[in-house]
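Everything on this sheet refers to the single structure shown next.
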Amino acid sequence: MNQCKKCKKKFAAEYNYCPTCGVAFENEANPGYWLEKARELKIKGRIRAAIEAYREYHKFDGKNPYSHKSLGELYYQMGEMDRSIESYLESIELKDDYADTYYHLGISYYRRAKIRKAIESFKKCLELNPAFAISYYWLGIAYYHLGERQNAIQAYYKLLEFNPSSFIANYHLGVNFNAEGEYKKAIDHLNKLKDCCSEDEAVLYHLGIAHFESGDLAEAVNIFKKAIANSPEDKRSEKMLKRILDVSEL
Ligand SMILES: [Zn+2]
């Protein structure tokens, strides 16, 4: 005999779900019980217990792409990248047109230092859903990691198309253009962050570098001084300022 925990009505043992409210009965031989338990544990952040519940569920039903994806997310949170990748691939095997799974797979590959595979996954995500803007962010990160800065720049420009005032896109464009030696463009993008983040020590540091490298030492000194005044613990700007001032005194 099953009793529904929601409506309290009783039903025969062969039922897995309450016919009235659709809640799974608490019965360990019931796959729905494990699935509900797993979802509930996941929401509560009880990662290890949720993983166990999904594994129990998969003993009954291994053909649910969403549960494999959820398991992949849990392994990711545990820092178990190989298992996370395995679960996402299993999910994709069952449903290969779900952009979100490729997105998460890409991040797990990136964390596992499989950068080419990460790029492939982010691209597949965007192919399935071109509006999945945050995938462009990760694509940029992955290309930058490989030193393919022109590709990174293209990815951040795409991100800007979706969100023209995006902090992270303008910031990374600044960093990438600096690394490419295109300081004027770096300054343009970093200056776009003046309104939102003129106090940010990382923004100021890269802006200072762009001015320094393009020969505008006076402006570089001003910016590094501002960075240090805002964040006295900013060692990078302090080091640069010291370097400029020491040389100038010679
Ligand atoms: Zn019920």
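Naming scheme: A, B, ... for chains in displayed order of the structure tokens; residues 1 onward per chain; ligands 1 onward as shown.
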Legend entry - Surrounding residues as a PyMOL selection string, ligand 1, max 6 Å, only C-alpha atoms and all ligand atoms: chain A and resi 4+6-7+18+20-21
Create the file for the chosen residues now, containing C-alpha atoms and written as an mmCIF file, in the first residue's frame.
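Generated output (part_28.cif):
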data_model
loop_
_atom_site.group_PDB
_atom_site.id
_atom_site.type_symbol
_atom_site.label_atom_id
_atom_site.label_comp_id
_atom_site.auth_asym_id
_atom_site.auth_seq_id
_atom_site.Cartn_x
_atom_site.Cartn_y
_atom_site.Cartn_z
ATOM 1 C CA CYS A 4 0.706 9.970 -1.044
ATOM 2 C CA LYS A 6 0.848 15.323 -0.565
ATOM 3 C CA CYS A 7 -2.855 14.388 -0.631
ATOM 4 C CA CYS A 18 -0.150 9.253 -7.020
ATOM 5 C CA THR A 20 -4.326 12.435 -8.163
ATOM 6 C CA CYS A 21 -1.280 14.696 -7.789
#
Inset, instruction - Would you kindly return, as number ranges by chain, each protein, DNA or RNA residue with an atom no farther than 12 Å from any atom of Ala113 in chain A, considering only C-alpha atoms and excluding same-chain residues fewer than 3 positions away? - result: A: 81-82, 106-110, 116-119, 142, 145-146
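Using only C-alpha atoms, the residues found no farther than 8 Å from Leu94 in chain A, other than those of its own chain fewer than 5 positions away, are Lys63, Asn64 and Pro65 of chain A.
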Name the residues of range 64-234 of chain A that come out as alpha helix (DSSP H) in a backbone DSSP run; write them as an mmCIF file with C-alpha atoms, in the first residue's frame.
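The file below, out28.cif, is the result:
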data_model
loop_
_atom_site.group_PDB
_atom_site.id
_atom_site.type_symbol
_atom_site.label_atom_id
_atom_site.label_comp_id
_atom_site.auth_asym_id
_atom_site.auth_seq_id
_atom_site.Cartn_x
_atom_site.Cartn_y
_atom_site.Cartn_z
ATOM 1 C CA PRO A 65 19.082 12.545 -21.078
ATOM 2 C CA TYR A 66 18.179 15.201 -18.506
ATOM 3 C CA SER A 67 19.096 13.081 -15.517
ATOM 4 C CA HIS A 68 22.501 12.293 -17.046
ATOM 5 C CA LYS A 69 23.001 16.008 -17.626
ATOM 6 C CA SER A 70 22.050 16.775 -14.021
ATOM 7 C CA LEU A 71 24.485 14.124 -12.842
ATOM 8 C CA GLY A 72 27.173 15.758 -14.990
ATOM 9 C CA GLU A 73 26.535 19.092 -13.252
ATOM 10 C CA LEU A 74 26.856 17.445 -9.849
ATOM 11 C CA TYR A 75 30.156 15.773 -10.744
ATOM 12 C CA TYR A 76 31.345 19.140 -12.017
ATOM 13 C CA GLN A 77 30.507 20.717 -8.664
ATOM 14 C CA MET A 78 32.469 17.927 -6.970
ATOM 15 C CA MET A 81 35.698 16.483 -14.433
ATOM 16 C CA ASP A 82 36.151 13.095 -16.090
ATOM 17 C CA ARG A 83 32.896 11.780 -14.644
ATOM 18 C CA SER A 84 31.156 15.031 -15.442
ATOM 19 C CA ILE A 85 32.287 14.782 -19.087
ATOM 20 C CA GLU A 86 31.216 11.135 -19.205
ATOM 21 C CA SER A 87 27.716 12.024 -17.940
ATOM 22 C CA TYR A 88 27.276 14.884 -20.430
ATOM 23 C CA LEU A 89 28.386 12.620 -23.282
ATOM 24 C CA GLU A 90 25.881 10.018 -22.137
ATOM 25 C CA SER A 91 23.188 12.698 -22.146
ATOM 26 C CA ILE A 92 24.205 13.807 -25.653
ATOM 27 C CA GLU A 93 24.061 10.222 -26.852
ATOM 28 C CA LEU A 94 20.384 10.204 -25.822
ATOM 29 C CA ALA A 99 22.511 23.397 -26.552
ATOM 30 C CA ASP A 100 22.777 23.613 -22.774
ATOM 31 C CA THR A 101 24.427 20.187 -22.488
ATOM 32 C CA TYR A 102 27.143 21.169 -24.983
ATOM 33 C CA TYR A 103 27.704 24.397 -23.073
ATOM 34 C CA HIS A 104 28.281 22.546 -19.796
ATOM 35 C CA LEU A 105 30.350 19.890 -21.548
ATOM 36 C CA GLY A 106 32.546 22.666 -22.926
ATOM 37 C CA ILE A 107 33.208 24.087 -19.473
ATOM 38 C CA SER A 108 34.089 20.644 -18.117
ATOM 39 C CA TYR A 109 36.474 20.066 -21.025
ATOM 40 C CA TYR A 110 38.035 23.452 -20.370
ATOM 41 C CA ARG A 111 38.481 22.628 -16.684
ATOM 42 C CA ILE A 115 40.761 23.119 -24.824
ATOM 43 C CA ARG A 116 40.183 22.041 -28.422
ATOM 44 C CA LYS A 117 37.312 19.837 -27.327
ATOM 45 C CA ALA A 118 35.952 22.700 -25.219
ATOM 46 C CA ILE A 119 35.964 24.962 -28.287
ATOM 47 C CA GLU A 120 34.209 22.290 -30.324
ATOM 48 C CA SER A 121 31.492 22.015 -27.632
ATOM 49 C CA PHE A 122 30.907 25.775 -27.341
ATOM 50 C CA LYS A 123 30.645 26.001 -31.131
ATOM 51 C CA LYS A 124 28.147 23.145 -31.210
ATOM 52 C CA CYS A 125 26.131 24.892 -28.493
ATOM 53 C CA LEU A 126 26.038 28.085 -30.590
ATOM 54 C CA GLU A 127 25.168 26.165 -33.726
ATOM 55 C CA LEU A 128 22.116 24.720 -31.922
ATOM 56 C CA ILE A 134 27.486 33.239 -22.690
ATOM 57 C CA SER A 135 29.002 30.492 -24.849
ATOM 58 C CA TYR A 136 30.872 33.274 -26.701
ATOM 59 C CA TYR A 137 32.426 34.325 -23.414
ATOM 60 C CA TRP A 138 33.791 30.829 -22.833
ATOM 61 C CA LEU A 139 34.823 30.497 -26.458
ATOM 62 C CA GLY A 140 36.895 33.659 -26.017
ATOM 63 C CA ILE A 141 38.476 32.313 -22.825
ATOM 64 C CA ALA A 142 39.344 29.029 -24.542
ATOM 65 C CA TYR A 143 40.902 30.728 -27.593
ATOM 66 C CA TYR A 144 42.889 33.066 -25.366
ATOM 67 C CA HIS A 145 44.161 30.027 -23.481
ATOM 68 C CA LEU A 146 45.519 28.637 -26.773
ATOM 69 C CA ARG A 149 43.828 35.893 -29.748
ATOM 70 C CA GLN A 150 42.241 36.936 -33.052
ATOM 71 C CA ASN A 151 39.665 34.175 -32.590
ATOM 72 C CA ALA A 152 39.182 35.255 -28.971
ATOM 73 C CA ILE A 153 38.599 38.839 -30.158
ATOM 74 C CA GLN A 154 35.964 37.647 -32.664
ATOM 75 C CA ALA A 155 34.173 35.724 -29.888
ATOM 76 C CA TYR A 156 34.094 38.798 -27.627
ATOM 77 C CA TYR A 157 32.804 40.959 -30.468
ATOM 78 C CA LYS A 158 29.941 38.484 -30.864
ATOM 79 C CA LEU A 159 29.255 38.763 -27.147
ATOM 80 C CA LEU A 160 29.161 42.556 -27.530
ATOM 81 C CA GLU A 161 26.519 42.214 -30.246
ATOM 82 C CA PHE A 162 24.207 40.685 -27.664
ATOM 83 C CA PHE A 167 31.826 44.493 -18.881
ATOM 84 C CA ILE A 168 33.449 41.157 -19.465
ATOM 85 C CA ALA A 169 33.521 41.479 -23.281
ATOM 86 C CA ASN A 170 35.112 44.948 -23.228
ATOM 87 C CA TYR A 171 37.525 43.900 -20.509
ATOM 88 C CA HIS A 172 38.724 40.820 -22.394
ATOM 89 C CA LEU A 173 38.934 42.794 -25.649
ATOM 90 C CA GLY A 174 41.241 45.185 -23.797
ATOM 91 C CA VAL A 175 43.410 42.340 -22.499
ATOM 92 C CA ASN A 176 43.544 40.620 -25.907
ATOM 93 C CA PHE A 177 44.323 43.795 -27.862
ATOM 94 C CA ASN A 178 47.092 44.605 -25.380
ATOM 95 C CA ALA A 179 48.576 41.156 -25.944
ATOM 96 C CA TYR A 183 47.088 49.429 -27.718
ATOM 97 C CA LYS A 184 44.770 52.025 -29.256
ATOM 98 C CA LYS A 185 41.987 49.445 -29.538
ATOM 99 C CA ALA A 186 42.741 48.185 -26.026
ATOM 100 C CA ILE A 187 42.352 51.726 -24.682
ATOM 101 C CA ASP A 188 39.064 52.180 -26.580
ATOM 102 C CA HIS A 189 37.522 49.086 -25.018
ATOM 103 C CA LEU A 190 38.883 49.627 -21.517
ATOM 104 C CA ASN A 191 37.687 53.236 -21.580
ATOM 105 C CA LYS A 194 34.893 54.032 -17.083
ATOM 106 C CA ASP A 195 31.287 54.501 -16.052
ATOM 107 C CA CYS A 196 30.761 51.104 -14.508
ATOM 108 C CA CYS A 197 34.184 50.193 -13.182
ATOM 109 C CA GLU A 201 42.141 47.538 -10.243
ATOM 110 C CA ALA A 202 42.335 45.012 -13.106
ATOM 111 C CA VAL A 203 40.773 47.455 -15.571
ATOM 112 C CA LEU A 204 43.144 50.207 -14.443
ATOM 113 C CA TYR A 205 46.147 47.925 -14.648
ATOM 114 C CA HIS A 206 45.468 46.918 -18.252
ATOM 115 C CA LEU A 207 44.609 50.497 -19.194
ATOM 116 C CA GLY A 208 47.875 51.634 -17.624
ATOM 117 C CA ILE A 209 49.769 48.992 -19.590
ATOM 118 C CA ALA A 210 48.124 50.102 -22.851
ATOM 119 C CA HIS A 211 49.187 53.739 -22.242
ATOM 120 C CA PHE A 212 52.661 52.683 -21.136
ATOM 121 C CA GLU A 213 53.212 50.492 -24.204
ATOM 122 C CA LEU A 217 54.100 57.542 -19.785
ATOM 123 C CA ALA A 218 52.426 60.486 -18.037
ATOM 124 C CA GLU A 219 48.960 58.976 -18.473
ATOM 125 C CA ALA A 220 50.259 55.522 -17.502
ATOM 126 C CA VAL A 221 51.670 56.971 -14.265
ATOM 127 C CA ASN A 222 48.330 58.681 -13.491
ATOM 128 C CA ILE A 223 46.422 55.464 -14.028
ATOM 129 C CA PHE A 224 48.781 53.257 -12.003
ATOM 130 C CA LYS A 225 48.686 55.820 -9.174
ATOM 131 C CA LYS A 226 44.894 55.763 -9.257
ATOM 132 C CA ALA A 227 44.899 51.952 -9.204
ATOM 133 C CA ILE A 228 47.159 51.895 -6.138
ATOM 134 C CA ALA A 229 45.171 54.636 -4.381
ATOM 135 C CA ASN A 230 41.976 52.613 -4.906
#
Legend entry - Distance query Lys5 in chain A at most 12 Å, only C-alpha atoms, self and fewer than 5 positions along chain excluded, as a count of residues only: 13
